[in-house]
file final-v5.csv (CSV, C-alpha atoms and all ligand atoms)
chain,number,residue,atom,x,y,z
A,1,MET,CA,-3.9,121.3,-40.1
A,2,GLU,CA,-5.6,118.1,-39.2
A,3,THR,CA,-5.5,117.1,-35.5
A,4,ILE,CA,-3.8,113.8,-35.0
A,5,GLY,CA,-4.7,111.4,-32.1
A,6,PHE,CA,-2.0,108.9,-30.9
A,7,ILE,CA,-2.6,106.0,-28.5
A,8,GLY,CA,0.3,103.9,-27.3
A,9,LEU,CA,3.5,105.8,-26.6
A,10,GLY,CA,5.9,103.0,-26.1
A,11,ASN,CA,9.2,102.1,-27.8
A,12,MET,CA,7.7,102.8,-31.2
A,13,GLY,CA,4.8,105.2,-30.5
A,14,LEU,CA,6.9,107.8,-28.7
A,15,GLY,CA,9.3,108.3,-31.5
A,16,MET,CA,6.6,108.3,-34.2
A,17,SER,CA,4.3,110.7,-32.3
A,18,ARG,CA,7.1,113.1,-31.6
A,19,ASN,CA,7.9,113.2,-35.4
A,20,ILE,CA,4.2,113.9,-36.2
A,21,GLN,CA,4.3,116.7,-33.6
A,22,ARG,CA,7.5,118.1,-35.0
A,23,ALA,CA,5.8,118.3,-38.4
A,24,GLY,CA,3.4,120.8,-36.9
A,25,TYR,CA,0.2,118.7,-36.4
A,26,PRO,CA,-1.8,119.5,-33.3
A,27,MET,CA,-2.0,116.3,-31.2
A,28,VAL,CA,-4.2,114.5,-28.7
A,29,VAL,CA,-2.5,111.6,-26.8
A,30,TYR,CA,-3.4,108.7,-24.5
A,31,ASP,CA,-1.6,105.8,-22.9
A,32,ILE,CA,-2.5,103.6,-20.0
A,33,ARG,CA,0.9,104.6,-18.5
A,34,GLU,CA,0.2,108.3,-18.3
A,35,GLU,CA,3.8,109.1,-17.7
A,36,ALA,CA,4.5,108.0,-21.2
A,37,THR,CA,2.6,111.0,-22.6
A,38,LYS,CA,4.8,113.5,-20.8
A,39,PRO,CA,7.2,114.4,-23.7
A,40,LEU,CA,4.2,115.0,-26.0
A,41,LEU,CA,2.4,117.1,-23.4
A,42,GLU,CA,5.5,119.2,-22.8
A,43,ASN,CA,5.5,120.1,-26.5
A,44,GLY,CA,1.8,121.2,-26.6
A,45,ALA,CA,-0.2,118.0,-27.0
A,46,ARG,CA,-3.5,117.6,-25.3
A,47,LEU,CA,-4.0,114.6,-22.9
A,48,ALA,CA,-7.2,112.6,-23.4
A,49,SER,CA,-8.9,110.5,-20.7
A,50,SER,CA,-9.7,107.5,-23.0
A,51,PRO,CA,-9.3,106.3,-26.6
A,52,ALA,CA,-12.9,107.4,-27.3
A,53,GLU,CA,-11.9,111.0,-26.3
A,54,VAL,CA,-8.8,110.9,-28.5
A,55,ALA,CA,-11.0,109.9,-31.5
A,56,ARG,CA,-13.6,112.5,-30.6
A,57,LEU,CA,-11.0,115.3,-30.8
A,58,SER,CA,-9.0,114.0,-33.8
A,59,ASP,CA,-9.3,113.8,-37.6
A,60,VAL,CA,-6.9,110.9,-37.7
A,61,THR,CA,-6.4,108.5,-34.8
A,62,LEU,CA,-3.4,106.3,-34.7
A,63,THR,CA,-2.7,103.3,-32.4
A,64,SER,CA,0.7,101.7,-31.7
A,65,LEU,CA,-0.2,98.9,-29.2
A,66,PRO,CA,1.5,95.6,-28.2
A,67,GLY,CA,-0.8,93.2,-30.2
A,68,PRO,CA,-4.3,92.1,-31.3
A,69,ASN,CA,-5.7,91.9,-27.8
A,70,GLU,CA,-4.9,95.5,-27.0
A,71,VAL,CA,-5.9,96.7,-30.5
A,72,GLU,CA,-9.3,95.0,-30.2
A,73,ALA,CA,-9.9,96.5,-26.8
A,74,VAL,CA,-8.7,100.0,-27.7
A,75,ALA,CA,-10.4,100.1,-31.1
A,76,THR,CA,-13.8,98.5,-30.3
A,77,GLY,CA,-14.1,98.1,-26.5
A,78,PRO,CA,-15.8,100.3,-24.0
A,79,GLU,CA,-14.6,103.9,-24.3
A,80,GLY,CA,-12.7,102.8,-27.4
A,81,VAL,CA,-11.9,104.6,-30.6
A,82,LEU,CA,-15.0,103.4,-32.4
A,83,GLU,CA,-17.2,104.9,-29.7
A,84,GLY,CA,-15.7,108.4,-30.2
A,85,ILE,CA,-14.9,108.5,-33.9
A,86,ARG,CA,-16.5,111.3,-35.9
A,87,GLU,CA,-18.0,110.8,-39.4
A,88,GLY,CA,-15.3,111.2,-42.0
A,89,SER,CA,-12.5,110.6,-39.6
A,90,VAL,CA,-9.9,107.9,-40.0
A,91,TYR,CA,-8.5,105.2,-37.7
A,92,VAL,CA,-5.1,103.8,-38.5
A,93,ASP,CA,-3.6,100.9,-36.6
A,94,LEU,CA,0.2,100.9,-36.7
A,95,SER,CA,0.7,97.9,-34.5
A,96,THR,CA,1.8,94.5,-35.7
A,97,SER,CA,-1.5,92.7,-35.4
A,98,ARG,CA,-3.7,90.0,-36.8
A,99,PRO,CA,-4.9,90.8,-40.4
A,100,THR,CA,-8.3,89.2,-39.7
A,101,LEU,CA,-8.8,91.5,-36.8
A,102,ILE,CA,-8.5,94.7,-38.8
A,103,ARG,CA,-10.8,93.1,-41.4
A,104,GLN,CA,-13.4,92.6,-38.8
A,105,ILE,CA,-13.0,96.1,-37.3
A,106,GLU,CA,-13.0,98.1,-40.6
A,107,PRO,CA,-16.7,97.6,-41.4
A,108,LEU,CA,-17.7,98.8,-37.9
A,109,PHE,CA,-16.0,102.1,-38.7
A,110,ARG,CA,-17.7,102.3,-42.1
A,111,GLN,CA,-21.1,101.8,-40.4
A,112,LYS,CA,-20.3,105.0,-38.5
A,113,GLY,CA,-19.3,106.9,-41.7
A,114,ALA,CA,-15.7,106.7,-40.6
A,115,HIS,CA,-12.7,104.7,-42.0
A,116,ALA,CA,-10.0,102.3,-40.9
A,117,LEU,CA,-6.6,101.3,-42.3
A,118,ASP,CA,-3.9,99.0,-41.1
A,119,ALA,CA,-0.4,100.4,-41.4
A,120,PRO,CA,2.3,98.4,-39.5
A,121,VAL,CA,5.8,99.8,-39.4
A,122,SER,CA,9.3,98.4,-39.7
A,123,GLY,CA,12.6,100.0,-38.6
A,124,GLY,CA,12.8,99.5,-34.9
A,125,LYS,CA,12.9,102.0,-32.0
A,126,SER,CA,15.9,103.8,-33.6
A,127,GLY,CA,14.0,104.2,-36.9
A,128,ALA,CA,10.9,105.5,-35.0
A,129,ILE,CA,13.1,108.2,-33.4
A,130,THR,CA,14.9,109.2,-36.6
A,131,GLY,CA,11.9,108.9,-38.9
A,132,ASN,CA,13.4,106.0,-40.9
A,133,LEU,CA,10.5,103.6,-41.0
A,134,ALA,CA,8.8,101.5,-43.6
A,135,VAL,CA,5.0,101.9,-43.3
A,136,MET,CA,3.0,99.3,-45.2
A,137,VAL,CA,-0.6,100.3,-45.6
A,138,GLY,CA,-3.8,98.2,-46.2
A,139,GLY,CA,-7.2,99.7,-47.0
A,140,GLU,CA,-8.8,101.9,-49.6
A,141,ARG,CA,-6.4,103.6,-51.9
A,142,GLU,CA,-8.1,107.0,-51.7
A,143,LEU,CA,-7.8,106.9,-47.9
A,144,PHE,CA,-4.1,106.1,-48.2
A,145,ASP,CA,-3.6,109.1,-50.5
A,146,ARG,CA,-5.5,111.3,-48.0
A,147,ILE,CA,-3.5,110.4,-44.9
A,148,LYS,CA,-0.1,109.8,-46.6
A,149,PRO,CA,1.3,113.2,-45.5
A,150,VAL,CA,0.7,112.2,-41.9
A,151,LEU,CA,2.4,108.9,-42.4
A,152,ASP,CA,5.3,110.6,-44.3
A,153,SER,CA,5.9,112.7,-41.2
A,154,PHE,CA,7.2,109.6,-39.3
A,155,GLY,CA,8.2,107.2,-42.0
A,156,ASP,CA,10.5,107.7,-45.0
A,157,LYS,CA,9.3,104.5,-46.8
A,158,VAL,CA,5.5,104.7,-46.9
A,159,PHE,CA,3.8,102.4,-49.4
A,160,TYR,CA,0.4,101.0,-50.4
A,161,SER,CA,0.1,97.3,-49.9
A,162,GLY,CA,-3.5,96.5,-51.0
A,163,SER,CA,-6.9,96.1,-49.4
A,164,ILE,CA,-7.6,96.1,-45.7
A,165,GLY,CA,-5.3,93.7,-43.9
A,166,ALA,CA,-2.6,93.7,-46.6
A,167,GLY,CA,-0.3,95.9,-44.5
A,168,SER,CA,-0.4,93.4,-41.6
A,169,ILE,CA,0.2,90.4,-43.9
A,170,CYS,CA,3.3,92.2,-45.4
A,171,LYS,CA,4.6,92.9,-41.9
A,172,LEU,CA,4.1,89.3,-40.6
A,173,VAL,CA,5.8,87.9,-43.7
A,174,HIS,CA,8.7,90.4,-43.2
A,175,ASN,CA,9.2,89.4,-39.5
A,176,MET,CA,8.8,85.7,-40.2
A,177,ILE,CA,11.7,85.8,-42.6
A,178,GLY,CA,13.7,87.9,-40.1
A,179,HIS,CA,13.2,85.2,-37.4
A,180,GLY,CA,14.3,82.4,-39.7
A,181,VAL,CA,17.5,84.3,-40.7
A,182,ARG,CA,18.3,85.1,-37.1
A,183,GLN,CA,18.1,81.5,-36.1
A,184,ALA,CA,20.3,80.5,-39.0
A,185,ILE,CA,22.9,83.1,-37.9
A,186,ALA,CA,22.8,81.8,-34.3
A,187,GLU,CA,23.4,78.2,-35.6
A,188,GLY,CA,26.3,79.3,-37.9
A,189,LEU,CA,28.1,81.4,-35.3
A,190,THR,CA,27.9,78.8,-32.5
A,191,LEU,CA,29.2,76.2,-35.0
A,192,GLY,CA,32.1,78.4,-36.0
A,193,VAL,CA,33.1,79.3,-32.5
A,194,LYS,CA,32.9,75.7,-31.2
A,195,ALA,CA,34.9,74.5,-34.2
A,196,GLY,CA,37.7,76.9,-33.1
A,197,VAL,CA,37.3,80.2,-35.0
A,198,ASP,CA,36.9,83.4,-33.1
A,199,ALA,CA,33.7,85.4,-33.4
A,200,GLU,CA,35.3,88.5,-34.9
A,201,SER,CA,36.7,86.4,-37.8
A,202,LEU,CA,33.5,84.6,-38.4
A,203,TRP,CA,31.6,87.9,-38.5
A,204,GLU,CA,34.2,89.4,-41.0
A,205,CYS,CA,33.7,86.3,-43.2
A,206,VAL,CA,29.9,86.4,-43.1
A,207,ARG,CA,29.8,90.2,-43.8
A,208,ARG,CA,32.5,90.2,-46.5
A,209,GLY,CA,31.2,87.1,-48.3
A,210,SER,CA,28.1,87.1,-50.5
A,211,LEU,CA,25.9,86.9,-47.5
A,212,GLY,CA,27.1,90.4,-46.6
A,213,GLN,CA,24.8,91.8,-49.3
A,214,MET,CA,21.9,91.0,-46.9
A,215,ASN,CA,21.0,94.1,-45.0
A,216,ILE,CA,20.1,92.1,-41.9
A,217,LEU,CA,23.8,91.6,-41.4
A,218,HIS,CA,24.5,95.3,-41.3
A,219,ARG,CA,22.1,96.1,-38.6
A,220,GLY,CA,20.5,94.4,-35.7
A,221,ILE,CA,22.9,91.6,-34.7
A,222,PRO,CA,26.3,92.1,-33.1
A,223,GLY,CA,26.0,95.0,-30.7
A,224,SER,CA,24.2,93.2,-27.9
A,225,LEU,CA,24.8,89.7,-29.2
A,226,PHE,CA,28.6,89.8,-29.1
A,227,ARG,CA,28.4,91.3,-25.6
A,228,GLY,CA,25.7,88.7,-24.5
A,229,ASP,CA,23.7,91.6,-23.2
A,230,PHE,CA,20.0,91.6,-24.0
A,231,ASP,CA,18.6,93.4,-21.0
A,232,ARG,CA,17.7,96.7,-22.7
A,233,ALA,CA,14.8,95.7,-24.9
A,234,SER,CA,14.1,98.0,-27.8
A,235,PHE,CA,11.7,95.2,-28.9
A,236,ALA,CA,10.6,92.8,-26.2
A,237,LEU,CA,10.8,89.0,-26.8
A,238,GLU,CA,7.1,88.9,-25.7
A,239,LEU,CA,6.1,91.0,-28.7
A,240,SER,CA,8.5,89.2,-31.1
A,241,ARG,CA,6.8,85.9,-30.1
A,242,LYS,CA,3.4,87.5,-30.8
A,243,ASP,CA,4.6,88.3,-34.4
A,244,ILE,CA,5.8,84.8,-35.2
A,245,LEU,CA,2.7,83.3,-33.6
A,246,LEU,CA,0.5,85.5,-35.9
A,247,ALA,CA,2.5,84.5,-38.9
A,248,ASN,CA,2.2,80.8,-38.1
A,249,GLU,CA,-1.5,81.3,-37.4
A,250,LEU,CA,-1.8,82.8,-40.9
A,251,GLY,CA,0.2,79.9,-42.4
A,252,ARG,CA,-2.3,77.5,-40.8
A,253,GLU,CA,-5.3,79.5,-42.1
A,254,TYR,CA,-3.9,79.3,-45.6
A,255,ASP,CA,-2.4,75.7,-45.4
A,256,VAL,CA,1.1,77.0,-45.9
A,257,PRO,CA,3.8,74.7,-44.3
A,258,MET,CA,6.3,76.9,-42.5
A,259,PRO,CA,8.8,74.6,-40.7
A,260,ILE,CA,11.4,77.3,-40.1
A,261,ALA,CA,8.8,79.8,-38.7
A,262,ASN,CA,7.4,77.2,-36.4
A,263,LEU,CA,10.9,76.4,-35.1
A,264,ALA,CA,11.5,80.1,-34.5
A,265,GLU,CA,8.3,80.2,-32.5
A,266,GLN,CA,9.3,77.2,-30.4
A,267,MET,CA,12.6,78.9,-29.6
A,268,ALA,CA,10.7,82.0,-28.6
A,269,ILE,CA,8.5,80.0,-26.3
A,270,GLN,CA,11.5,78.3,-24.7
A,271,ALA,CA,13.0,81.7,-24.0
A,272,ILE,CA,9.8,83.1,-22.6
A,273,ASN,CA,9.6,80.1,-20.2
A,274,ARG,CA,13.0,81.1,-18.9
A,275,GLY,CA,11.4,84.4,-17.8
A,276,TRP,CA,13.0,86.4,-20.6
A,277,GLY,CA,9.8,87.9,-22.1
A,278,ASP,CA,10.8,91.5,-21.1
A,279,ARG,CA,14.3,91.1,-22.5
A,280,ASP,CA,15.3,92.0,-26.1
A,281,ALA,CA,14.0,89.7,-28.8
A,282,GLY,CA,17.5,88.7,-29.7
A,283,VAL,CA,17.9,86.9,-26.4
A,284,THR,CA,16.9,83.6,-28.1
A,285,PHE,CA,20.6,83.6,-29.2
A,286,LEU,CA,21.5,82.5,-25.6
A,287,LEU,CA,19.4,79.3,-26.1
A,288,GLN,CA,21.4,78.3,-29.1
A,289,GLU,CA,24.7,79.1,-27.2
A,290,GLU,CA,23.5,76.8,-24.4
A,291,ALA,CA,22.4,74.1,-26.8
A,292,ALA,CA,25.8,74.2,-28.5
A,293,GLY,CA,27.7,74.5,-25.3
A,294,VAL,CA,29.6,77.6,-26.4
A,295,GLU,CA,29.6,81.3,-26.1
A,296,VAL,CA,30.0,83.7,-29.0
A,297,ARG,CA,31.6,86.8,-27.6
A,298,ALA,CA,33.5,89.5,-29.5
A,299,PRO,CA,33.7,92.5,-27.2
A,300,HIS,CA,36.1,94.2,-29.5
A,301,VAL,CA,33.9,94.3,-32.6
A,302,ASP,CA,33.8,97.9,-33.4
A,303,PRO,CA,30.2,98.9,-34.1
A,304,GLU,CA,31.3,101.7,-36.4
A,305,LYS,CA,33.5,99.5,-38.5
A,306,ALA,CA,31.2,96.5,-38.5
A,307,GLY,CA,28.0,98.4,-39.4
A,308,LYS,CA,25.2,100.1,-37.6
A,309,PHE,CA,24.4,97.7,-34.8
A,310,ILE,CA,21.5,99.3,-33.0
A,311,THR,CA,19.2,96.6,-31.9
A,312,THR,CA,18.8,92.8,-32.2
A,313,HIS,CA,15.4,92.7,-33.7
A,314,PRO,CA,14.5,91.8,-37.3
A,315,ASP,CA,12.3,94.9,-37.3
A,316,ALA,CA,15.4,97.0,-37.3
A,317,GLU,CA,16.2,95.8,-40.8
A,401,LIG,P1,5.7,98.8,-26.2
A,401,LIG,O1,5.2,97.8,-25.3
A,401,LIG,O2,7.0,99.5,-25.9
A,401,LIG,O3,4.5,100.0,-26.3
A,401,LIG,C1,3.2,99.8,-26.3
A,401,LIG,C2,2.5,100.9,-25.6
A,401,LIG,O4,1.1,100.7,-25.6
A,401,LIG,C3,2.9,101.1,-24.1
A,401,LIG,O5,3.3,102.5,-23.9
A,401,LIG,C4,1.7,100.7,-23.3
A,401,LIG,O6,1.6,101.4,-22.1
A,401,LIG,C5,0.6,101.1,-24.3
A,401,LIG,N1,-0.6,100.3,-24.1
A,401,LIG,C6,-0.8,99.0,-23.9
A,401,LIG,N2,-2.1,98.7,-23.7
A,401,LIG,C7,-2.8,99.9,-23.8
A,401,LIG,C8,-4.1,100.3,-23.8
A,401,LIG,N3,-5.1,99.4,-23.5
A,401,LIG,N4,-4.5,101.6,-23.9
A,401,LIG,C9,-3.5,102.5,-24.2
A,401,LIG,N5,-2.2,102.2,-24.2
A,401,LIG,C10,-1.8,100.9,-24.1
A,401,LIG,O7,5.7,98.2,-27.6
A,401,LIG,P2,6.5,98.7,-28.9
A,401,LIG,O8,7.8,98.0,-29.0
A,401,LIG,O9,6.4,100.2,-29.0
A,401,LIG,O10,5.6,98.0,-30.1
A,401,LIG,C11,4.3,98.6,-30.5
A,401,LIG,C12,3.8,97.9,-31.7
A,401,LIG,O11,4.8,98.1,-32.8
A,401,LIG,C13,3.8,96.3,-31.5
A,401,LIG,O12,2.7,95.8,-32.2
A,401,LIG,C14,5.1,95.8,-32.1
A,401,LIG,O13,5.0,94.5,-32.6
A,401,LIG,C15,5.3,96.8,-33.2
A,401,LIG,N6,6.7,97.0,-33.6
A,401,LIG,C16,7.7,97.1,-32.7
A,401,LIG,C17,9.0,97.4,-33.1
A,401,LIG,C18,10.1,97.5,-32.2
A,401,LIG,O14,11.3,97.4,-32.6
A,401,LIG,N7,9.9,97.8,-30.9
A,401,LIG,C19,9.2,97.5,-34.5
A,401,LIG,C20,8.2,97.5,-35.4
A,401,LIG,C21,6.9,97.2,-35.0
call {"tool": "encode", "arguments": {"input": "final-v5.csv", "output": "structure tokens"}}
result
Amino acid sequence: METIGFIGLGNMGLGMSRNIQRAGYPMVVYDIREEATKPLLENGARLASSPAEVARLSDVTLTSLPGPNEVEAVATGPEGVLEGIREGSVYVDLSTSRPTLIRQIEPLFRQKGAHALDAPVSGGKSGAITGNLAVMVGGERELFDRIKPVLDSFGDKVFYSGSIGAGSICKLVHNMIGHGVRQAIAEGLTLGVKAGVDAESLWECVRRGSLGQMNILHRGIPGSLFRGDFDRASFALELSRKDILLANELGREYDVPMPIANLAEQMAIQAINRGWGDRDAGVTFLLQEEAAGVEVRAPHVDPEKAGKFITTHPDAE
């Protein structure tokens, strides 16, 4: 079986790498927080001392890192993946990152007789644990076919998106729509509560009406929102802001006006300036509550009855 290298064992990377390991692949792992590698090492993975060493020892090297800055450093920096990668091996970035970055990186791997793909994921921390992730892949089709069994070991919805960078573009578009919808939900719920209807009734209405067909309403909103508790981040606001920033950046590059996405970014900036960067991405809801002068609380919403409310991030959809 091919040896799989995994770099970045955070909220997403830990679950994904454990599922690859469970599928029987020998693994080599690395994270700047060495303690994050422990669950993998306990199950037989080998610890590498740098991304270059991971690549040297692996047939396929995967990264799940916060964003483009870390991806660039880990992929092409000193002691990075590029330095160690062997001819014929494949580098796959699973992070939500800048499409133009992977387009710059890919030819460098080709020059070494190796390959690169972008394959961002969607489904949140819970999906990473259960193996219920969408994986959108950009790059050469033959490479996609070659490494698909590895991707299938941690994602149940793996699909080919197009040439290099296409996976990242799909992912930014997905999250951008999620941000806009979340903001609309925040406005609607604060209006409803301020106008005198309780949060449970509003939620029943939204879910049972035609809007209820939207999957975003079945996952990702009420659990923490209706308790006003955003402290346990399964997806940090800091990372969510990076996603919307990258989408707006792409919009500017292609002259696409995106007023809602820009508003969503402004809300994220405000929340970060409150010192909320480490809190869950859904914490922007509190800004809308403050602006509206109302709290939307429904502590008695039964998560089982209302849907699977696992996290507050659009990635969970
Ligand atoms: P995280 O911050 O929990 O994990 C990132 C990991 O990378 C950490 O363990 C960190 O120690 C490690 N790391 C950082 N810099 C490193 C370096 N230079 N070398 C080695 N390791 C390094 O982030 P996350 O929530 O797991 O997200 C990872 C990626 O997946 C991000 O791009 C994010 O946008 C995307 N994503 C997140 C979610 C989610 O719900 N959390 C869902 C879909 C996609």
call {"tool": "closest_residue", "arguments": {"input": "final-v5.csv", "among": "A:Asp243, A:Glu53, A:Asp229, A:Asp118", "to": "ligand LIG 401 (chain A)", "atoms": "all atoms listed in the file"}}
result
A:Asp243
call {"tool": "residues_near_ligand", "arguments": {"input": "final-v5.csv", "ligand": "ligand LIG 401 (chain A)", "cutoff": "7 Å", "atoms": "only C-alpha atoms and all ligand atoms", "output": "ChimeraX atom specification"}}
result
/A:7-13,30-33,36,64-67,70,73-74,94-97,120-125,234-236,239-240,243,313,315-316
call {"tool": "closest_residue", "arguments": {"input": "final-v5.csv", "among": "A:Lys171, A:Arg208, A:Arg279, A:Arg252", "to": "A:Leu237", "atoms": "all atoms listed in the file"}}
result
A:Arg279
call {"tool": "closest_residue", "arguments": {"input": "final-v5.csv", "among": "A:Arg146, A:Arg241, A:Arg227, A:Lys112", "to": "A:Glu2", "atoms": "all atoms listed in the file"}}
result
A:Arg146
call {"tool": "closest_residue", "arguments": {"input": "final-v5.csv", "among": "A:Pro107, A:Pro99, A:Gly5, A:Gly196", "to": "A:Thr76", "atoms": "all atoms listed in the file"}}
result
A:Pro107
call {"tool": "residues_near_point", "arguments": {"input": "final-v5.csv", "point": "(27.1, 75.7, -24.6)", "cutoff": "12 Å", "atoms": "all atoms listed in the file", "output": "VMD selection string"}}
result
chain A and resid 187 190 to 191 193 to 194 285 to 296
call {"tool": "closest_residue", "arguments": {"input": "final-v5.csv", "among": "A:Glu238, A:Glu34, A:Glu42, A:Asp231", "to": "A:Gln21", "atoms": "all atoms listed in the file"}}
result
A:Glu42
call {"tool": "closest_residue", "arguments": {"input": "final-v5.csv", "among": "A:Val92, A:Val283, A:Leu117, A:Ile147", "to": "A:Gly228", "atoms": "all atoms listed in the file"}}
result
A:Val283
call {"tool": "residues_around", "arguments": {"input": "final-v5.csv", "residues": "A:His179", "least_positions_apart": "5", "cutoff": "10 Å", "atoms": "only C-alpha atoms", "output": "VMD selection string"}}
result
chain A and resid 174 184 to 185 240 to 241 243 to 244 260 to 265 268 281 to 282 313 to 315
call {"tool": "closest_atom_pairs", "arguments": {"input": "final-v5.csv", "of": "stretch 39-130 of chain A", "to": "stretch 152-155 of chain A", "cutoff": "9 Å", "atoms": "all atoms listed in the file", "output": "tab-separated table"}}
result
residue	atom	partner	partner_atom	distance
A:Val121	CA	A:Gly155	CA	8.2
A:Gly127	CA	A:Gly155	CA	8.3
A:Ala128	CA	A:Phe154	CA	7.0
A:Ile129	CA	A:Phe154	CA	8.5
A:Thr130	CA	A:Phe154	CA	8.2
call {"tool": "atom_distance", "arguments": {"input": "final-v5.csv", "atom1": "atom CA of A:Gly251", "atom2": "atom CA of A:Arg103"}}
result
17.2 Å
call {"tool": "residues_around", "arguments": {"input": "final-v5.csv", "residues": "A:Leu250", "least_positions_apart": "2", "cutoff": "10 Å", "atoms": "only C-alpha atoms", "output": "mmCIF file with C-alpha atoms, in the coordinates of the input"}}
result
data_model
loop_
_atom_site.group_PDB
_atom_site.id
_atom_site.type_symbol
_atom_site.label_atom_id
_atom_site.label_comp_id
_atom_site.auth_asym_id
_atom_site.auth_seq_id
_atom_site.Cartn_x
_atom_site.Cartn_y
_atom_site.Cartn_z
ATOM 1 C CA ARG A 98 -3.700 90.000 -36.800
ATOM 2 C CA PRO A 99 -4.900 90.800 -40.400
ATOM 3 C CA THR A 100 -8.300 89.200 -39.700
ATOM 4 C CA ILE A 169 0.200 90.400 -43.900
ATOM 5 C CA LEU A 172 4.100 89.300 -40.600
ATOM 6 C CA VAL A 173 5.800 87.900 -43.700
ATOM 7 C CA ILE A 244 5.800 84.800 -35.200
ATOM 8 C CA LEU A 245 2.700 83.300 -33.600
ATOM 9 C CA LEU A 246 0.500 85.500 -35.900
ATOM 10 C CA ALA A 247 2.500 84.500 -38.900
ATOM 11 C CA ASN A 248 2.200 80.800 -38.100
ATOM 12 C CA ARG A 252 -2.300 77.500 -40.800
ATOM 13 C CA GLU A 253 -5.300 79.500 -42.100
ATOM 14 C CA TYR A 254 -3.900 79.300 -45.600
ATOM 15 C CA ASP A 255 -2.400 75.700 -45.400
ATOM 16 C CA VAL A 256 1.100 77.000 -45.900
#
call {"tool": "atom_distance", "arguments": {"input": "final-v5.csv", "atom1": "atom CA of A:Leu57", "atom2": "atom CA of A:Leu108"}}
result
19.2 Å
call {"tool": "decode", "arguments": {"input": "final-v5.csv", "residues": "stretch 195-210 of chain A", "atoms": "N, CA and C atoms", "output": "mmCIF file, in the first residue's frame"}}
result
data_model
loop_
_atom_site.group_PDB
_atom_site.id
_atom_site.type_symbol
_atom_site.label_atom_id
_atom_site.label_comp_id
_atom_site.auth_asym_id
_atom_site.auth_seq_id
_atom_site.Cartn_x
_atom_site.Cartn_y
_atom_site.Cartn_z
ATOM 1 N N ALA A 195 -39.407 41.914 17.128
ATOM 2 C CA ALA A 195 -40.801 42.228 16.813
ATOM 3 C C ALA A 195 -41.771 41.391 17.653
ATOM 4 N N GLY A 196 -41.225 40.557 18.555
ATOM 5 C CA GLY A 196 -42.095 39.947 19.559
ATOM 6 C C GLY A 196 -42.368 38.458 19.425
ATOM 7 N N VAL A 197 -41.697 37.778 18.495
ATOM 8 C CA VAL A 197 -41.937 36.333 18.365
ATOM 9 C C VAL A 197 -40.761 35.593 18.993
ATOM 10 N N ASP A 198 -41.048 34.477 19.703
ATOM 11 C CA ASP A 198 -39.924 33.797 20.337
ATOM 12 C C ASP A 198 -39.095 33.015 19.315
ATOM 13 N N ALA A 199 -37.832 32.782 19.705
ATOM 14 C CA ALA A 199 -36.869 32.205 18.763
ATOM 15 C C ALA A 199 -37.279 30.809 18.300
ATOM 16 N N GLU A 200 -37.871 30.003 19.228
ATOM 17 C CA GLU A 200 -38.301 28.648 18.833
ATOM 18 C C GLU A 200 -39.326 28.711 17.708
ATOM 19 N N SER A 201 -40.296 29.618 17.847
ATOM 20 C CA SER A 201 -41.353 29.698 16.822
ATOM 21 C C SER A 201 -40.779 30.149 15.486
ATOM 22 N N LEU A 202 -39.866 31.108 15.561
ATOM 23 C CA LEU A 202 -39.253 31.590 14.313
ATOM 24 C C LEU A 202 -38.515 30.451 13.620
ATOM 25 N N TRP A 203 -37.816 29.683 14.428
ATOM 26 C CA TRP A 203 -37.024 28.598 13.831
ATOM 27 C C TRP A 203 -37.935 27.537 13.212
ATOM 28 N N GLU A 204 -39.038 27.239 13.901
ATOM 29 C CA GLU A 204 -40.009 26.287 13.339
ATOM 30 C C GLU A 204 -40.504 26.795 11.991
ATOM 31 N N CYS A 205 -40.824 28.112 11.941
ATOM 32 C CA CYS A 205 -41.349 28.710 10.706
ATOM 33 C C CYS A 205 -40.332 28.612 9.578
ATOM 34 N N VAL A 206 -39.094 28.986 9.903
ATOM 35 C CA VAL A 206 -38.062 28.988 8.863
ATOM 36 C C VAL A 206 -37.815 27.566 8.355
ATOM 37 N N ARG A 207 -37.807 26.632 9.266
ATOM 38 C CA ARG A 207 -37.503 25.244 8.871
ATOM 39 C C ARG A 207 -38.665 24.574 8.159
ATOM 40 N N ARG A 208 -39.895 24.918 8.576
ATOM 41 C CA ARG A 208 -41.048 24.231 7.979
ATOM 42 C C ARG A 208 -41.528 24.873 6.689
ATOM 43 N N GLY A 209 -41.160 26.139 6.487
ATOM 44 C CA GLY A 209 -41.515 26.810 5.239
ATOM 45 C C GLY A 209 -40.610 26.342 4.111
ATOM 46 N N SER A 210 -40.729 26.987 2.964
ATOM 47 C CA SER A 210 -39.959 26.514 1.810
ATOM 48 C C SER A 210 -38.451 26.669 2.029
#
